[in-house]
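Data file: model-v2.txt. Format and content: compact mmCIF, C-alpha atoms.
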# COMPACT_ATOMS: atom_id res chain seq x y z
CA MET L 1 90.06 22.74 -154.30
CA ALA L 2 93.04 25.07 -154.06
CA ALA L 3 94.66 23.47 -157.11
CA LEU L 4 91.37 23.53 -159.02
CA ARG L 5 90.67 27.16 -158.11
CA GLY L 6 93.58 28.37 -160.21
CA ARG L 7 92.59 26.22 -163.17
CA TRP L 8 88.85 26.86 -163.33
CA PRO L 9 89.06 28.87 -166.59
CA THR L 10 90.78 25.90 -168.24
CA VAL L 11 88.23 23.46 -166.83
CA VAL L 12 85.31 25.59 -168.00
CA GLY L 13 86.91 26.00 -171.42
CA VAL L 14 87.46 22.27 -171.84
CA LEU L 15 83.89 21.46 -170.78
CA ALA L 16 82.55 24.08 -173.17
CA GLY L 17 84.68 22.65 -175.96
CA VAL L 18 83.44 19.12 -175.31
CA GLY L 19 79.84 20.35 -175.31
CA LEU L 20 80.38 22.21 -178.58
CA LEU L 21 81.98 19.18 -180.23
CA THR L 22 79.10 16.97 -179.09
CA ALA L 23 76.48 19.35 -180.47
CA LEU L 24 78.45 20.19 -183.63
CA PRO L 25 76.59 17.83 -186.02
CA ALA L 26 73.34 19.63 -185.25
CA LEU L 27 74.91 23.02 -186.04
CA VAL L 28 76.75 22.46 -189.32
CA PRO L 29 76.12 20.68 -192.68
CA SER L 30 77.10 17.03 -193.00
CA PHE L 31 80.29 17.84 -194.94
CA TYR L 32 81.71 19.69 -191.95
CA VAL L 33 80.97 16.68 -189.76
CA THR L 34 83.32 14.66 -191.96
CA LEU L 35 85.93 17.41 -191.81
CA SER L 36 85.56 17.63 -188.03
CA THR L 37 86.08 13.87 -187.73
CA ARG L 38 89.41 14.23 -189.53
CA ILE L 39 90.40 17.13 -187.26
CA ILE L 40 89.66 15.09 -184.13
CA VAL L 41 91.69 12.10 -185.36
CA ILE L 42 94.69 14.26 -186.31
CA ALA L 43 94.41 16.09 -182.99
CA MET L 44 94.57 12.74 -181.21
CA PHE L 45 97.63 11.78 -183.28
CA ALA L 46 99.28 15.13 -182.43
CA LEU L 47 98.68 14.62 -178.70
CA ALA L 48 100.21 11.14 -178.93
CA PHE L 49 103.20 12.49 -180.86
CA ASN L 50 103.70 15.19 -178.24
CA VAL L 51 104.44 12.61 -175.55
CA VAL L 52 107.79 12.13 -177.27
CA PHE L 53 108.25 15.62 -178.70
CA GLY L 54 106.78 18.01 -176.14
CA MET L 55 107.06 15.99 -172.93
CA GLY L 56 110.21 14.08 -173.73
CA GLY L 57 111.99 16.71 -175.80
CA MET L 58 112.88 14.11 -178.46
CA HIS L 59 112.61 15.05 -182.13
CA SER L 60 111.03 12.43 -184.36
CA LEU L 61 110.35 12.17 -188.07
CA GLY L 62 109.21 8.56 -187.90
CA HIS L 63 105.86 8.71 -186.14
CA ALA L 64 103.97 8.02 -189.35
CA ALA L 65 105.13 4.41 -188.89
CA PHE L 66 102.91 3.99 -185.80
CA PHE L 67 100.04 5.78 -187.49
CA GLY L 68 100.30 3.73 -190.66
CA LEU L 69 100.69 0.42 -188.84
CA GLY L 70 97.39 1.07 -187.10
CA GLY L 71 95.84 1.85 -190.47
CA TYR L 72 97.16 -1.27 -192.16
CA THR L 73 95.95 -3.41 -189.25
CA VAL L 74 92.44 -2.21 -190.00
CA GLY L 75 92.82 -2.58 -193.76
CA LEU L 76 94.17 -6.12 -193.63
CA GLY L 77 92.03 -7.21 -190.71
CA VAL L 78 88.80 -6.15 -192.44
CA THR L 79 89.49 -7.04 -196.07
CA ARG L 80 91.82 -10.03 -195.82
CA TRP L 81 91.92 -11.74 -192.44
CA ASP L 82 88.31 -11.39 -191.25
CA TRP L 83 89.30 -10.16 -187.77
CA SER L 84 86.84 -8.85 -185.21
CA PHE L 85 86.83 -5.25 -183.99
CA THR L 86 88.46 -6.23 -180.70
CA VAL L 87 91.25 -8.19 -182.37
CA ILE L 88 91.99 -5.35 -184.81
CA VAL L 89 92.27 -2.77 -182.05
CA LEU L 90 94.37 -4.98 -179.77
CA VAL L 91 96.77 -5.94 -182.57
CA ALA L 92 97.12 -2.29 -183.62
CA LEU L 93 97.87 -1.21 -180.05
CA ALA L 94 100.36 -4.05 -179.62
CA LEU L 95 102.14 -3.16 -182.87
CA GLY L 96 102.30 0.51 -181.94
CA ALA L 97 103.72 -0.28 -178.50
CA PHE L 98 106.20 -2.84 -179.83
CA VAL L 99 107.54 -0.61 -182.61
CA GLY L 100 107.63 2.28 -180.13
CA LEU L 101 109.80 0.16 -177.83
CA ALA L 102 112.06 -0.67 -180.79
CA TYR L 103 112.36 3.05 -181.56
CA GLY L 104 113.27 3.77 -177.95
CA ILE L 105 115.93 1.07 -177.81
CA LEU L 106 117.50 1.87 -181.19
CA THR L 107 117.63 5.62 -180.46
CA GLN L 108 118.86 5.17 -176.89
CA ARG L 109 122.17 6.98 -177.36
CA THR L 110 121.11 9.63 -179.87
CA ASN L 111 119.85 13.18 -179.47
CA GLY L 112 119.10 16.22 -181.58
CA ILE L 113 119.64 15.93 -185.32
CA TYR L 114 120.94 12.36 -185.02
CA LEU L 115 117.74 11.27 -183.29
CA LEU L 116 115.72 13.03 -185.96
CA LEU L 117 117.58 11.29 -188.78
CA LEU L 118 117.46 7.87 -187.13
CA THR L 119 113.70 8.03 -186.56
CA LEU L 120 113.34 9.17 -190.17
CA ALA L 121 115.33 6.14 -191.36
CA LEU L 122 113.29 3.75 -189.21
CA GLY L 123 110.02 5.19 -190.46
CA GLN L 124 111.11 5.02 -194.07
CA ALA L 125 112.18 1.40 -193.62
CA ILE L 126 108.65 0.50 -192.52
CA TRP L 127 107.22 2.53 -195.40
CA GLY L 128 109.46 0.58 -197.78
CA LEU L 129 108.10 -2.72 -196.49
CA ALA L 130 104.52 -1.59 -197.06
CA PHE L 131 105.38 -0.28 -200.51
CA GLN L 132 107.21 -3.41 -201.68
CA GLN L 133 105.07 -6.18 -200.21
CA VAL L 134 102.49 -5.92 -202.97
CA GLU L 135 101.03 -9.38 -202.31
CA ILE L 136 99.99 -8.31 -198.81
CA THR L 137 99.58 -4.54 -198.86
CA ARG L 138 98.78 -4.07 -202.60
CA GLY L 139 101.69 -1.65 -202.79
CA ASP L 140 101.07 1.87 -204.02
CA ASN L 141 97.44 1.04 -204.87
CA GLY L 142 96.61 0.74 -201.19
CA ILE L 143 93.77 -1.18 -199.58
CA SER L 144 90.25 0.03 -200.34
CA GLY L 145 86.83 -1.22 -199.32
CA VAL L 146 87.48 -0.88 -195.57
CA THR L 147 83.92 -0.97 -194.23
CA ARG L 148 82.80 0.18 -190.77
CA GLU L 149 80.48 -2.73 -190.13
CA LEU L 150 82.69 -4.01 -187.32
CA VAL L 151 82.74 -0.71 -185.42
CA PRO L 152 80.32 -0.94 -182.44
CA LEU L 153 77.08 1.05 -182.74
CA VAL L 154 78.30 2.87 -185.86
CA GLY L 155 77.25 1.14 -189.05
CA THR L 156 77.94 3.17 -192.18
CA GLY L 157 76.73 6.63 -191.10
CA ALA L 158 79.16 9.54 -190.87
CA LEU L 159 77.26 11.05 -187.92
CA SER L 160 77.44 7.97 -185.73
CA TYR L 161 81.10 7.46 -186.63
CA TYR L 162 81.82 11.08 -185.65
CA HIS L 163 80.44 10.48 -182.18
CA PHE L 164 82.38 7.22 -181.91
CA VAL L 165 85.63 8.99 -182.84
CA LEU L 166 84.86 11.82 -180.41
CA LEU L 167 84.28 9.35 -177.59
CA VAL L 168 87.53 7.48 -178.26
CA ALA L 169 89.45 10.75 -178.62
CA LEU L 170 88.12 12.11 -175.32
CA ALA L 171 89.00 8.87 -173.54
CA SER L 172 92.49 8.94 -175.07
CA THR L 173 92.99 12.60 -174.20
CA GLY L 174 91.98 11.92 -170.61
CA SER L 175 94.39 8.98 -170.44
CA LEU L 176 97.25 11.05 -171.85
CA TRP L 177 96.43 13.89 -169.44
CA TRP L 178 96.56 11.48 -166.51
CA PHE L 179 99.82 10.06 -167.84
CA SER L 180 101.38 13.53 -168.14
CA LEU L 181 100.56 14.23 -164.47
CA SER L 182 101.69 10.82 -163.21
CA PRO L 183 105.12 10.31 -161.62
CA VAL L 184 106.27 8.59 -164.82
CA GLY L 185 105.08 11.51 -166.95
CA ARG L 186 106.82 14.02 -164.71
CA ALA L 187 109.99 11.95 -164.85
CA ILE L 188 109.85 12.04 -168.65
CA VAL L 189 109.60 15.84 -168.49
CA GLY L 190 112.54 15.81 -166.08
CA THR L 191 114.66 13.86 -168.56
CA ARG L 192 113.83 16.51 -171.13
CA GLU L 193 114.92 19.35 -168.86
CA SER L 194 118.11 17.78 -167.49
CA PRO L 195 118.94 14.16 -168.26
CA THR L 196 122.25 14.44 -166.43
CA ARG L 197 120.62 15.60 -163.21
CA MET L 198 117.90 12.94 -163.47
CA ALA L 199 120.56 10.26 -163.89
CA ALA L 200 122.43 11.65 -160.89
CA LEU L 201 119.23 11.39 -158.82
CA GLY L 202 118.97 7.69 -159.69
CA PHE L 203 116.43 7.82 -162.52
CA ARG L 204 117.02 5.50 -165.46
CA VAL L 205 116.82 8.02 -168.28
CA GLY L 206 116.82 5.41 -171.03
CA LEU L 207 113.89 3.60 -169.45
CA TYR L 208 111.75 6.72 -169.38
CA ARG L 209 112.61 7.51 -172.99
CA ASN L 210 111.46 4.00 -173.91
CA ILE L 211 108.20 4.47 -172.00
CA ALA L 212 107.57 7.74 -173.85
CA PHE L 213 108.00 6.03 -177.21
CA VAL L 214 105.79 3.09 -176.19
CA VAL L 215 102.92 5.30 -174.99
CA SER L 216 103.26 7.58 -178.01
CA GLY L 217 103.34 4.62 -180.42
CA LEU L 218 100.31 3.01 -178.83
CA PHE L 219 98.05 6.06 -179.10
CA SER L 220 99.43 6.99 -182.53
CA ALA L 221 98.46 3.53 -183.80
CA LEU L 222 94.99 3.99 -182.34
CA ALA L 223 94.68 7.28 -184.22
CA GLY L 224 95.71 5.43 -187.38
CA VAL L 225 92.94 2.90 -186.78
CA LEU L 226 90.34 5.67 -186.56
CA TYR L 227 91.80 7.48 -189.59
CA THR L 228 91.58 4.40 -191.83
CA TRP L 229 88.02 3.63 -190.81
CA HIS L 230 87.21 7.28 -191.47
CA HIS L 231 88.60 7.27 -195.03
CA ARG L 232 87.87 3.56 -195.62
CA PHE L 233 91.24 3.35 -197.34
CA VAL L 234 94.91 3.00 -196.41
CA SER L 235 98.05 3.29 -198.54
CA PRO L 236 101.81 3.72 -198.01
CA ASP L 237 101.21 7.49 -197.87
CA ALA L 238 100.07 6.99 -194.27
CA LEU L 239 103.61 5.77 -193.48
CA LEU L 240 105.48 8.38 -195.48
CA TRP L 241 107.84 10.82 -193.76
CA GLU L 242 105.68 13.70 -194.96
CA MET L 243 102.97 12.60 -192.52
CA SER L 244 105.55 12.68 -189.72
CA ALA L 245 106.67 16.16 -190.78
CA PHE L 246 103.04 17.30 -190.94
CA ILE L 247 102.29 16.18 -187.39
CA LEU L 248 105.51 17.82 -186.20
CA ILE L 249 104.40 21.13 -187.70
CA VAL L 250 100.92 20.71 -186.19
CA ALA L 251 102.42 20.31 -182.71
CA ILE L 252 104.76 23.30 -183.13
CA VAL L 253 102.06 25.61 -184.49
CA GLY L 254 99.66 24.74 -181.69
CA GLY L 255 102.25 24.82 -178.93
CA ALA L 256 104.28 21.72 -178.12
CA ASN L 257 105.07 22.90 -174.58
CA THR L 258 101.40 22.71 -173.58
CA PHE L 259 99.16 19.67 -173.33
CA LEU L 260 96.29 20.78 -175.59
CA GLY L 261 98.39 22.94 -177.89
CA PRO L 262 98.92 20.21 -180.53
CA ALA L 263 95.15 19.57 -180.65
CA LEU L 264 94.55 23.25 -181.30
CA GLY L 265 97.25 23.15 -183.96
CA ALA L 266 95.44 20.29 -185.70
CA ALA L 267 92.20 22.27 -185.79
CA VAL L 268 93.92 25.37 -187.17
CA ILE L 269 96.09 23.61 -189.76
CA ILE L 270 93.40 21.31 -191.17
CA SER L 271 90.84 24.13 -191.30
CA LEU L 272 93.41 26.30 -193.07
CA GLU L 273 94.19 23.45 -195.47
CA PHE L 274 90.52 23.17 -196.37
CA TRP L 275 90.15 26.92 -196.95
CA VAL L 276 93.38 27.23 -198.97
CA SER L 277 92.49 24.21 -201.12
CA LEU L 278 89.34 25.99 -202.22
CA HIS L 279 91.44 28.75 -203.80
CA THR L 280 94.78 27.25 -204.82
CA GLN L 281 96.74 24.03 -205.21
CA ARG L 282 99.76 25.47 -203.36
CA TRP L 283 98.86 24.11 -199.94
CA MET L 284 102.37 22.78 -199.19
CA THR L 285 103.81 26.22 -199.91
CA VAL L 286 101.31 27.83 -197.56
CA LEU L 287 102.06 25.21 -194.89
CA GLY L 288 105.77 26.01 -195.16
CA LEU L 289 105.05 29.72 -194.76
CA VAL L 290 102.88 29.04 -191.71
CA TYR L 291 105.71 27.05 -190.15
CA VAL L 292 108.29 29.77 -190.82
CA LEU L 293 106.02 32.52 -189.46
CA THR L 294 105.30 30.45 -186.37
CA ILE L 295 109.00 29.96 -185.65
CA LEU L 296 109.71 33.67 -186.17
CA PHE L 297 106.77 35.26 -184.35
CA LEU L 298 105.13 32.52 -182.24
CA PRO L 299 107.95 30.29 -180.99
CA GLU L 300 105.67 29.00 -178.22
CA GLY L 301 102.81 28.29 -180.63
CA ILE L 302 99.27 29.62 -180.69
CA VAL L 303 98.64 28.65 -177.09
CA GLY L 304 101.80 30.48 -176.05
CA LEU L 305 100.41 33.68 -177.59
CA GLY L 306 97.84 33.91 -174.78
CA GLY L 307 100.58 33.62 -172.17
CA ARG L 308 102.63 36.32 -173.86
CA LEU L 309 99.65 38.68 -173.93
CA ARG L 310 98.93 38.02 -170.25
CA ARG L 311 102.55 38.67 -169.30
CA ARG L 312 102.60 41.88 -171.35
CA HIS L 313 99.36 43.04 -169.73
CA ALA L 314 100.77 42.30 -166.27
CA SER L 315 103.95 44.24 -167.01
CA VAL L 316 101.88 47.27 -168.05
CA ASP L 317 99.62 47.16 -165.02
CA VAL L 318 102.37 46.83 -162.40
CA PRO L 319 103.77 50.28 -161.55
CA VAL L 320 107.53 50.67 -161.57
CA ILE L 321 108.97 52.81 -158.77
CA PRO L 322 112.43 54.11 -159.70
CA GLU L 323 115.12 54.09 -157.08
CA PRO L 324 116.52 57.50 -156.15
CA THR L 325 119.74 58.42 -157.91
CA ALA L 326 122.89 59.39 -156.04
CA SER L 327 122.47 63.09 -156.88
CA ARG L 328 118.91 63.16 -155.61
CA SER L 329 119.97 61.34 -152.47
CA GLY L 330 122.72 63.89 -151.89
CA ARG L 331 120.37 66.88 -152.25
CA SER L 332 117.91 65.33 -149.84
CA HIS L 333 120.56 65.29 -147.11
CA GLU L 334 121.61 68.86 -147.65
Would you kindly transcribe this structure into structure tokens?
Amino acid sequence: MAALRGRWPTVVGVLAGVGLLTALPALVPSFYVTLSTRIIVIAMFALAFNVVFGMGGMHSLGHAAFFGLGGYTVGLGVTRWDWSFTVIVLVALALGAFVGLAYGILTQRTNGIYLLLLTLALGQAIWGLAFQQVEITRGDNGISGVTRELVPLVGTGALSYYHFVLLVALASTGSLWWFSLSPVGRAIVGTRESPTRMAALGFRVGLYRNIAFVVSGLFSALAGVLYTWHHRFVSPDALLWEMSAFILIVAIVGGANTFLGPALGAAVIISLEFWVSLHTQRWMTVLGLVYVLTILFLPEGIVGLGGRLRRRHASVDVPVIPEPTASRSGRSHE
């Protein structure tokens, strides 16, 4: 109870948010239900990405590979291989975990810009395979006709699929939250803060980096599965480095140093994209400006803004009592 007492505003806020998301279809037109589904999926992808970026402190420009592999598993499993829902999900999770392990092993001895470039190269290699294997992936044309008939209790309706996505996203968020608080999750954060000290204490730093990539790849692939069923289409664009850069910006804007910050960033960025697209075709320019302004004025992201305001308020409220100067002290003794 003592630990919960300090976090009750967060708990109440999360419960209120879940209630609002559940009731959202009854409050807005059907178009916004579709938009909200996309926000939830991207938020889930951002949370998965943040296991490596925020928790592990490892920069990655190759996470679109996990996302796209999940998408292609759905596309091929539905249209070509006649797989069941269970098989599609299990294969997507296995691919995400396996490729995540490969990322972790291949980037074992890299950090900073070298890690960023290596993950970019790995992601682009997987994109190249999808782009060139036209007989399997249909190349740049992508795979269309991805129906939702296999999704349990969904059918073809956007409303029922929204609730399905929300349920999966909440379960995934809860799992990632538990993971972040587990001894393994805390060890991953420790390797971010001081890998040398963690190694001196007997922790296998490389192992925990691998675990971070595996968990991140697994949930990123699951987000890709939901995204493809949402759009009923998948193409090499889902694997492109621009998707990796987009999710990186989403995490930074929301606040990569907090658990729910990337999810908030997804809601803000995608809502802004929708509004800007109504008025201009320069969305990428606007996204670049948002990123630059965030780095300059909100280095801790949107979530960090609340902490800064609280700290500023506390500094104003606490009175400062100046110490007596030497001259004043001397006069007082005279």
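If you look at atom CA of L:Gly157 and atom CA of L:Ala23, they are 16.6 Å away from each other.
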Near stretch 237-251 of chain L, 7 Å: stretch 45-105 of chain L residue rows, closest pairs, only C-alpha atoms, as a Markdown table:
| residue | atom | partner | partner_atom | distance |
| --- | --- | --- | --- | --- |
| L:Ala46 | CA | L:Ile247 | CA | 5.9 |
| L:Asn50 | CA | L:Ala251 | CA | 6.9 |
| L:Leu61 | CA | L:Ser244 | CA | 5.1 |
| L:Gly62 | CA | L:Ser244 | CA | 5.8 |
| L:His63 | CA | L:Ser244 | CA | 5.4 |
| L:Ala64 | CA | L:Leu239 | CA | 4.7 |
| L:Ala65 | CA | L:Leu239 | CA | 5.0 |
| L:Phe67 | CA | L:Ala238 | CA | 6.9 |
| L:Gly68 | CA | L:Leu239 | CA | 4.8 |
Pick from L:Leu226, L:Leu117, L:Leu305, L:Val33 nearest to L:Phe164, counting all atoms listed in the file: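 With all atoms listed in the file as the atom set, the closest residue is L:Leu226.
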Between L:Val154, L:Ala125, L:Val87, L:Ile42, which has the minimum distance to L:Ala266 (counting all atoms listed in the file)?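 Looking only at the distances to L:Ala266, the closest residue turns out to be L:Ile42.
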Counting all atoms listed in the file, which of L:Val91, L:Val225, L:Leu106, L:Ile211 gets nearest to L:Val189?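 Ranked by minimum distance to L:Val189, first place goes to L:Ile211.
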Given all atoms listed in the file as the basis, pick out the residue of L:Met58, L:Gly254, L:Leu24, L:Leu166 nearest to L:Tyr114.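 Between L:Met58, L:Gly254, L:Leu24, L:Leu166, the residue approaching L:Tyr114 most closely is L:Met58.
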With a distance cut-off of 12 Å and only C-alpha atoms, select the neighbouring residues of L:Leu90, excluding the residue or stretch itself and same-chain residues fewer than 5 positions from it, and output the selection as a PyMOL selection string. chain L and resi 70+73-74+77+83-85+95-97+218-219+221-222+225
Please save C-alpha atoms of the selected residues as a PDB file, keeping the file's coordinate frame.
ATOM      1  CA  GLY L  70      97.390   1.070-187.100  1.00  0.00           C
ATOM      2  CA  THR L  73      95.950  -3.410-189.250  1.00  0.00           C
ATOM      3  CA  VAL L  74      92.440  -2.210-190.000  1.00  0.00           C
ATOM      4  CA  GLY L  77      92.030  -7.210-190.710  1.00  0.00           C
ATOM      5  CA  TRP L  83      89.300 -10.160-187.770  1.00  0.00           C
ATOM      6  CA  SER L  84      86.840  -8.850-185.210  1.00  0.00           C
ATOM      7  CA  PHE L  85      86.830  -5.250-183.990  1.00  0.00           C
ATOM      8  CA  LEU L  95     102.140  -3.160-182.870  1.00  0.00           C
ATOM      9  CA  GLY L  96     102.300   0.510-181.940  1.00  0.00           C
ATOM     10  CA  ALA L  97     103.720  -0.280-178.500  1.00  0.00           C
ATOM     11  CA  LEU L 218     100.310   3.010-178.830  1.00  0.00           C
ATOM     12  CA  PHE L 219      98.050   6.060-179.100  1.00  0.00           C
ATOM     13  CA  ALA L 221      98.460   3.530-183.800  1.00  0.00           C
ATOM     14  CA  LEU L 222      94.990   3.990-182.340  1.00  0.00           C
ATOM     15  CA  VAL L 225      92.940   2.900-186.780  1.00  0.00           C
TER      16      VAL L 225
END
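Atom pair atom CA of L:Ser36 / atom CA of L:Leu272: separated by 12.7 Å.
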So what do you get for atom CA of L:Ala158 versus atom CA of L:Arg232, distance-wise? 11.6 Å
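In terms of minimum interatomic distance to L:Leu201, L:Ala187 ranks closest within L:Ala187, L:Ile270, L:Val214, L:Ala171, counting all atoms listed in the file.
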Excluding L:Phe203 and any residue of its chain fewer than 5 positions from it, enumerate the residues within 9 Å of it, using only C-alpha atoms, and give them as number ranges by chain. L: 187, 191, 195, 197-198, 208
I want to know what sits within 8 Å of L:Ala48, based on all atoms listed in the file, with residues of the same chain fewer than 6 positions away left out; could you give that as a PyMOL selection string? chain L and resi 176+215-217+219-220
Under the rule that only C-alpha atoms are counted, which of L:Ser172, L:Gln108, L:Thr37, L:Ser60 is the nearest residue to L:Leu207? L:Gln108
Give me the residues within 12 Å of L:Ser235 as an mmCIF file with C-alpha atoms, keeping the file's coordinate frame, counting all atoms listed in the file and dropping any in the same chain fewer than 4 places off.
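See selection.cif below for the written result:
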data_model
loop_
_atom_site.group_PDB
_atom_site.id
_atom_site.type_symbol
_atom_site.label_atom_id
_atom_site.label_comp_id
_atom_site.auth_asym_id
_atom_site.auth_seq_id
_atom_site.Cartn_x
_atom_site.Cartn_y
_atom_site.Cartn_z
ATOM 1 C CA ALA L 64 103.970 8.020 -189.350
ATOM 2 C CA PHE L 67 100.040 5.780 -187.490
ATOM 3 C CA GLY L 68 100.300 3.730 -190.660
ATOM 4 C CA LEU L 69 100.690 0.420 -188.840
ATOM 5 C CA GLY L 70 97.390 1.070 -187.100
ATOM 6 C CA GLY L 71 95.840 1.850 -190.470
ATOM 7 C CA TYR L 72 97.160 -1.270 -192.160
ATOM 8 C CA THR L 73 95.950 -3.410 -189.250
ATOM 9 C CA VAL L 74 92.440 -2.210 -190.000
ATOM 10 C CA GLY L 75 92.820 -2.580 -193.760
ATOM 11 C CA LEU L 76 94.170 -6.120 -193.630
ATOM 12 C CA TRP L 127 107.220 2.530 -195.400
ATOM 13 C CA GLY L 128 109.460 0.580 -197.780
ATOM 14 C CA LEU L 129 108.100 -2.720 -196.490
ATOM 15 C CA ALA L 130 104.520 -1.590 -197.060
ATOM 16 C CA PHE L 131 105.380 -0.280 -200.510
ATOM 17 C CA GLN L 132 107.210 -3.410 -201.680
ATOM 18 C CA GLN L 133 105.070 -6.180 -200.210
ATOM 19 C CA VAL L 134 102.490 -5.920 -202.970
ATOM 20 C CA ILE L 136 99.990 -8.310 -198.810
ATOM 21 C CA THR L 137 99.580 -4.540 -198.860
ATOM 22 C CA ARG L 138 98.780 -4.070 -202.600
ATOM 23 C CA GLY L 139 101.690 -1.650 -202.790
ATOM 24 C CA ASP L 140 101.070 1.870 -204.020
ATOM 25 C CA ASN L 141 97.440 1.040 -204.870
ATOM 26 C CA GLY L 142 96.610 0.740 -201.190
ATOM 27 C CA ILE L 143 93.770 -1.180 -199.580
ATOM 28 C CA SER L 144 90.250 0.030 -200.340
ATOM 29 C CA VAL L 146 87.480 -0.880 -195.570
ATOM 30 C CA GLY L 224 95.710 5.430 -187.380
ATOM 31 C CA TYR L 227 91.800 7.480 -189.590
ATOM 32 C CA THR L 228 91.580 4.400 -191.830
ATOM 33 C CA HIS L 231 88.600 7.270 -195.030
ATOM 34 C CA LEU L 239 103.610 5.770 -193.480
ATOM 35 C CA LEU L 240 105.480 8.380 -195.480
#
Selection near L:Ser271, 12 Å with all atoms listed in the file, sequence-local residues under 5 positions removed, as an mmCIF file with C-alpha atoms, keeping the file's coordinate frame:
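Final output, out_6.cif:
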data_model
loop_
_atom_site.group_PDB
_atom_site.id
_atom_site.type_symbol
_atom_site.label_atom_id
_atom_site.label_comp_id
_atom_site.auth_asym_id
_atom_site.auth_seq_id
_atom_site.Cartn_x
_atom_site.Cartn_y
_atom_site.Cartn_z
ATOM 1 C CA TYR L 32 81.710 19.690 -191.950
ATOM 2 C CA LEU L 35 85.930 17.410 -191.810
ATOM 3 C CA SER L 36 85.560 17.630 -188.030
ATOM 4 C CA THR L 37 86.080 13.870 -187.730
ATOM 5 C CA ARG L 38 89.410 14.230 -189.530
ATOM 6 C CA ILE L 39 90.400 17.130 -187.260
ATOM 7 C CA ILE L 40 89.660 15.090 -184.130
ATOM 8 C CA ILE L 42 94.690 14.260 -186.310
ATOM 9 C CA VAL L 250 100.920 20.710 -186.190
ATOM 10 C CA LEU L 264 94.550 23.250 -181.300
ATOM 11 C CA GLY L 265 97.250 23.150 -183.960
ATOM 12 C CA ALA L 266 95.440 20.290 -185.700
ATOM 13 C CA VAL L 276 93.380 27.230 -198.970
ATOM 14 C CA SER L 277 92.490 24.210 -201.120
ATOM 15 C CA LEU L 278 89.340 25.990 -202.220
ATOM 16 C CA TRP L 283 98.860 24.110 -199.940
ATOM 17 C CA LEU L 287 102.060 25.210 -194.890
#
